[in-house]
Protein chains: 2
Amino acid sequence: MKVVFALYEGMTALDLVGPYQVFAIAPGMEITLAASTSGPKQTDSGMVIHAEKAFSEVAGADVIVVPGTGQPQAPLADKVLLDWLARASPKAQLTCSVCTGSLVLGAAGLLRGKRATSHWAALDLLREFGAEPVQERVVFEGSTVTAAGVSAGIDMALSVIARLVGEPAARMVQLGIEYDPQPPFNAGSPAAAGPELVQAVKQWLAQSAPGVLQL
Amino acid sequence: MKVVFALYEGMTALDLVGPYQVFAIAPGMEITLAASTSGPKQTDSGMVIHAEKAFSEVAGADVIVVPGTGQPQAPLADKVLLDWLARASPKAQLTCSVCTGSLVLGAAGLLRGKRATSHWAALDLLREFGAEPVQERVVFEGSTVTAAGVSAGIDMALSVIARLVGEPAARMVQLGIEYDPQPPFNAGSPAAAGPELVQAVKQWLAQSAPGVLQL
């Protein structure tokens with residue numbers, strides 16, 4: 001099964017690497033890291049990760065995964081990326097996103113009339129692309145799968161492996177990466193964090209990643 | 001605060017990127033990705049991530065983070081890496097590992113007589129380095145912090161941020177990366193997975209990553 005990760009300058013590292021690690025050790029997955037052009041891509045925190053191929057060199061994709069970013073303006077203006085998604089997605093079994101990657105799917109016209117999720121702070125922006133925002137961890141809707149912010153890509157990928165390969169394979173991967181999460185605090189969702197912390201993170205985003213709050 | 005991630009050929013991508021993402025958005029952290037030589041390093045699943053500097057170019061480290069690997073033989077034979085760890089760790093506030101990264105700390109002589117953890121399948125190997133294996137998610141022991149397998153680096157990094165910067169900062173990071181984990185299955189620890197699945201993963205490791213089971 002061919003799994004293509006759609007990279008771009010400014011993507012968030014963990015949005016990519018969470019699901020990458022799950023797919024990479026699942027059985028029968030042939031993974032390609034692709035982008036508009038091949039070569040090094042800098043993430044929004046500075047780490048540089050290589051795209052192995054240009055989209056023009058990718059033969060086909062059974063599964064597509066689009067990571068999110070703190071600076072959505074860049075992928076939303078990347079015509080090569082959006083055109084490839086619009087052409088490749090209808091032929092794929094599943095097209096998946098993590099975090100604000102769902103805005104990229106939206107800009108490629110893939111979410112019209114569909115339920116979808118995103119980073120909690122960006123959720124309302126999905127309406128701009130005709131999607132129906134849903135605050136859930138992972139949303140399966142037809143052939144699209146959208147995940148909540150950053151770390152949600154791990155949960156999403158395990159669910160996708162279960163769907164495509166089977167639950168035993170997904171459980172093996174989960175034990176392989178010892179995914180027995182024990183967050184030291186209960187602050188991972190807006191509801192758990194409370195209004196004061198939500199406001200603090202929104203203020204931080206307004207300075208460091210304003211494109212997550214407003215297109 | 002200077003945070004140095006110690007990269008090497010064959011490291012596991014998520015071991016590195018989980019804590020990287022947490023430190024990268026925490027306030028006041030200056031992150032360096034370093035290795036024996038600077039330049040591209042291939043992870044054990046193929047993804048290529050850049051080391052920005054050679055260890056010889058790193059001025060100092062307040063926090064050191066060592067990712068694990070499915071092929072521990074490589075870092076355990078990397079004299080430049082082990083020598084740098086042995087010299088830099090005593091000057092750092094905290095030296096941290098994820099997964100079999102604790103074996104690397106052990107090989108650098110940093111775990112003698114200390115409680116430490118690792119990937120569940122590699123736990124007993126810690127004894128070879130004079131450490132006392134402990135099956136816990138994150139183990140703080142003096143100035144060393146060891147985490148369980150792969151995904152445990154996220155929990156570890158949040159605990160370290162809380163320790164070094166404060167709980168409010170750690171909670172902000174947790175909400176920022178929407179770390180509200182909802183694994184679709186309960187198979188992330190040996191106890192939860194049960195003996196049959198543990199045996200299946202051990203067989204898979206014996207073929208794909210034998211160095212995790214035996215040095």
# chains A, B, ... in the order shown; residues from 1 in each chain; ligands from 1
call {"tool": "interface_residues", "arguments": {"of": "chain B", "to": "chain A", "cutoff": "6 Å", "atoms": "only C-alpha atoms", "output": "list of chain:residue names"}}
result
B:Leu14, B:Val17, B:Val48, B:Ile49, B:His50, B:Gly149, B:Val150, B:Ser151, B:Asp155, B:Arg171, B:Gln174, B:Leu175, B:Ile177, B:Glu178, B:Tyr179, B:Asp180, B:Pro183, B:Ala187, B:Gly188, B:Ser189
call {"tool": "write_last_selection", "arguments": {"atoms": "N, CA and C atoms", "output": "short mmCIF file (atom, residue, chain, number, x, y, z; two decimals), in the first residue's frame"}}
result
data_model
loop_
_atom_site.label_atom_id
_atom_site.label_comp_id
_atom_site.auth_asym_id
_atom_site.auth_seq_id
_atom_site.Cartn_x
_atom_site.Cartn_y
_atom_site.Cartn_z
N LEU B 14 10.29 9.46 15.77
CA LEU B 14 9.36 10.01 16.78
C LEU B 14 10.03 10.18 18.14
N VAL B 17 11.37 13.65 17.54
CA VAL B 17 10.45 14.75 17.21
C VAL B 17 9.39 14.96 18.28
N VAL B 48 14.89 11.40 6.50
CA VAL B 48 16.17 12.07 6.70
C VAL B 48 15.94 13.41 7.41
N ILE B 49 16.64 13.58 8.53
CA ILE B 49 16.55 14.80 9.35
C ILE B 49 17.95 15.38 9.51
N HIS B 50 18.05 16.70 9.42
CA HIS B 50 19.37 17.35 9.43
C HIS B 50 19.89 17.61 10.83
N GLY B 149 9.31 3.68 25.80
CA GLY B 149 9.47 3.58 24.34
C GLY B 149 8.87 4.73 23.54
N VAL B 150 9.57 5.12 22.50
CA VAL B 150 9.16 6.00 21.40
C VAL B 150 8.25 7.17 21.80
N SER B 151 6.94 6.89 21.95
CA SER B 151 5.97 7.96 22.20
C SER B 151 6.12 8.58 23.58
N ASP B 155 5.56 12.76 26.89
CA ASP B 155 5.28 12.88 28.32
C ASP B 155 6.51 13.36 29.08
N ARG B 171 1.60 23.36 30.74
CA ARG B 171 0.19 23.25 30.37
C ARG B 171 -0.09 24.00 29.08
N GLN B 174 1.09 21.85 26.30
CA GLN B 174 0.19 20.70 26.11
C GLN B 174 -1.06 21.10 25.33
N LEU B 175 -1.63 22.26 25.66
CA LEU B 175 -2.81 22.73 24.93
C LEU B 175 -2.42 23.15 23.51
N ILE B 177 -0.15 21.85 21.57
CA ILE B 177 -0.03 20.67 20.68
C ILE B 177 -1.26 19.76 20.83
N GLU B 178 -2.29 20.27 21.47
CA GLU B 178 -3.56 19.53 21.69
C GLU B 178 -3.26 18.10 22.12
N TYR B 179 -2.46 17.98 23.15
CA TYR B 179 -2.06 16.63 23.61
C TYR B 179 -3.11 16.11 24.58
N ASP B 180 -4.18 15.61 23.99
CA ASP B 180 -5.33 15.04 24.70
C ASP B 180 -5.48 13.63 24.13
N PRO B 183 -5.93 7.07 22.36
CA PRO B 183 -5.56 5.90 21.56
C PRO B 183 -6.81 5.07 21.26
N ALA B 187 -3.52 -0.97 24.09
CA ALA B 187 -2.48 -1.97 23.83
C ALA B 187 -1.09 -1.35 23.88
N GLY B 188 -0.95 -0.23 24.61
CA GLY B 188 0.29 0.52 24.57
C GLY B 188 1.35 0.09 25.57
N SER B 189 0.98 -0.80 26.51
CA SER B 189 1.96 -1.31 27.47
C SER B 189 1.88 -2.83 27.46
#
call {"tool": "select_by_dssp", "arguments": {"residues": "range 22-136 of chain B", "states": "strand (DSSP E)", "output": "JSON, numbers by chain"}}
result
{"B": [30, 31, 32, 33, 34, 35, 39, 40, 41, 42, 48, 49, 50, 51, 53, 54, 63, 64, 65, 66, 94, 95, 96, 97, 115, 116, 132, 133]}
call {"tool": "write_last_selection", "arguments": {"atoms": "C-alpha atoms", "output": "PDB file, in the first residue's frame"}}
result
ATOM      1  CA  GLU B  30      17.259  27.591  22.263  1.00  0.00           C
ATOM      2  CA  ILE B  31      17.380  24.279  20.432  1.00  0.00           C
ATOM      3  CA  THR B  32      20.320  22.706  18.603  1.00  0.00           C
ATOM      4  CA  LEU B  33      20.192  19.460  16.638  1.00  0.00           C
ATOM      5  CA  ALA B  34      23.730  18.088  16.859  1.00  0.00           C
ATOM      6  CA  ALA B  35      25.573  14.896  15.904  1.00  0.00           C
ATOM      7  CA  GLY B  39      24.399  17.155   7.961  1.00  0.00           C
ATOM      8  CA  PRO B  40      21.642  14.722   7.025  1.00  0.00           C
ATOM      9  CA  LYS B  41      21.020  11.681   9.241  1.00  0.00           C
ATOM     10  CA  GLN B  42      18.761   8.849   8.138  1.00  0.00           C
ATOM     11  CA  VAL B  48      16.169  12.071   6.702  1.00  0.00           C
ATOM     12  CA  ILE B  49      16.548  14.802   9.348  1.00  0.00           C
ATOM     13  CA  HIS B  50      19.368  17.350   9.433  1.00  0.00           C
ATOM     14  CA  ALA B  51      21.880  17.766  12.236  1.00  0.00           C
ATOM     15  CA  LYS B  53      25.989  21.208  14.067  1.00  0.00           C
ATOM     16  CA  ALA B  54      28.739  18.778  14.962  1.00  0.00           C
ATOM     17  CA  VAL B  63      19.507  20.089  28.643  1.00  0.00           C
ATOM     18  CA  ILE B  64      20.591  17.088  26.552  1.00  0.00           C
ATOM     19  CA  VAL B  65      18.075  14.773  24.861  1.00  0.00           C
ATOM     20  CA  VAL B  66      19.098  11.428  23.339  1.00  0.00           C
ATOM     21  CA  LEU B  94      19.322  17.491  32.896  1.00  0.00           C
ATOM     22  CA  THR B  95      20.326  14.663  30.557  1.00  0.00           C
ATOM     23  CA  CYS B  96      17.280  12.959  29.052  1.00  0.00           C
ATOM     24  CA  SER B  97      16.661   9.895  26.901  1.00  0.00           C
ATOM     25  CA  ARG B 115      17.139   3.884  38.320  1.00  0.00           C
ATOM     26  CA  ALA B 116      16.285   4.186  34.632  1.00  0.00           C
ATOM     27  CA  GLU B 132      18.496  -0.466  37.788  1.00  0.00           C
ATOM     28  CA  PRO B 133      15.665  -1.018  35.275  1.00  0.00           C
TER      29      PRO B 133
END
call {"tool": "atom_distance", "arguments": {"atom1": "CA of Met29 in chain B", "atom2": "CA of Leu105 in chain B"}}
result
22.4 Å
call {"tool": "residues_around", "arguments": {"residues": "Ser118 in chain B", "least_positions_apart": "6", "cutoff": "9 Å", "atoms": "only C-alpha atoms", "output": "short mmCIF file (atom, residue, chain, number, x, y, z; two decimals) with C-alpha atoms, in the first residue's frame"}}
result
data_model
loop_
_atom_site.label_atom_id
_atom_site.label_comp_id
_atom_site.auth_asym_id
_atom_site.auth_seq_id
_atom_site.Cartn_x
_atom_site.Cartn_y
_atom_site.Cartn_z
CA GLY B 68 16.46 5.83 20.86
CA SER B 97 16.66 9.90 26.90
CA VAL B 98 13.75 8.37 25.02
CA CYS B 99 13.33 4.63 24.42
CA THR B 100 16.68 2.84 23.83
CA GLY B 101 18.38 6.23 24.12
CA SER B 102 18.88 5.14 27.74
CA LEU B 103 21.24 2.41 26.50
CA ASP B 124 16.72 -5.67 31.02
CA LEU B 125 19.64 -4.50 28.86
CA LEU B 126 20.05 -1.51 31.17
CA PRO B 133 15.67 -1.02 35.28
CA VAL B 134 12.30 0.45 36.23
CA GLN B 135 9.13 -0.04 34.20
CA GLU B 136 7.74 3.47 34.47
CA ARG B 137 6.73 6.02 31.83
CA THR B 146 14.77 8.45 31.07
CA ALA B 147 11.52 7.73 29.22
CA ALA B 148 9.87 4.51 28.03
CA GLY B 149 9.47 3.58 24.34
#
call {"tool": "atom_distance", "arguments": {"atom1": "CA of Phe129 in chain A", "atom2": "CA of Gly109 in chain A"}}
result
7.1 Å
call {"tool": "atom_distance", "arguments": {"atom1": "CA of Ser89 in chain A", "atom2": "CA of Ser36 in chain A"}}
result
15.6 Å
call {"tool": "decode", "arguments": {"residues": "range 144-174 of chain A", "atoms": "C-alpha atoms", "output": "tab-separated table (two decimals), in the first residue's frame"}}
result
chain	number	residue	atom	x	y	z
A	144	THR	CA	-11.31	11.78	4.21
A	145	VAL	CA	-9.89	11.50	7.71
A	146	THR	CA	-9.10	14.67	9.65
A	147	ALA	CA	-7.38	14.83	13.02
A	148	ALA	CA	-7.23	17.49	15.74
A	149	GLY	CA	-4.07	19.44	16.64
A	150	VAL	CA	-0.47	18.22	16.27
A	151	SER	CA	-0.33	15.15	18.56
A	152	ALA	CA	-3.69	13.84	17.25
A	153	GLY	CA	-1.95	12.44	14.18
A	154	ILE	CA	-0.78	9.43	16.22
A	155	ASP	CA	-4.35	8.52	17.19
A	156	MET	CA	-5.48	9.12	13.61
A	157	ALA	CA	-2.80	6.91	12.09
A	158	LEU	CA	-3.55	4.01	14.45
A	159	SER	CA	-7.25	4.23	13.50
A	160	VAL	CA	-6.34	4.28	9.80
A	161	ILE	CA	-4.07	1.22	10.18
A	162	ALA	CA	-6.93	-0.59	11.94
A	163	ARG	CA	-9.27	0.33	9.07
A	164	LEU	CA	-6.90	-0.59	6.24
A	165	VAL	CA	-4.91	-3.50	7.69
A	166	GLY	CA	-6.86	-4.63	10.73
A	167	GLU	CA	-7.02	-4.15	14.47
A	168	PRO	CA	-4.31	-6.72	15.32
A	169	ALA	CA	-1.79	-4.80	13.20
A	170	ALA	CA	-2.79	-1.49	14.83
A	171	ARG	CA	-2.41	-3.00	18.31
A	172	MET	CA	1.04	-4.33	17.40
A	173	VAL	CA	2.13	-0.89	16.24
A	174	GLN	CA	0.73	0.69	19.40
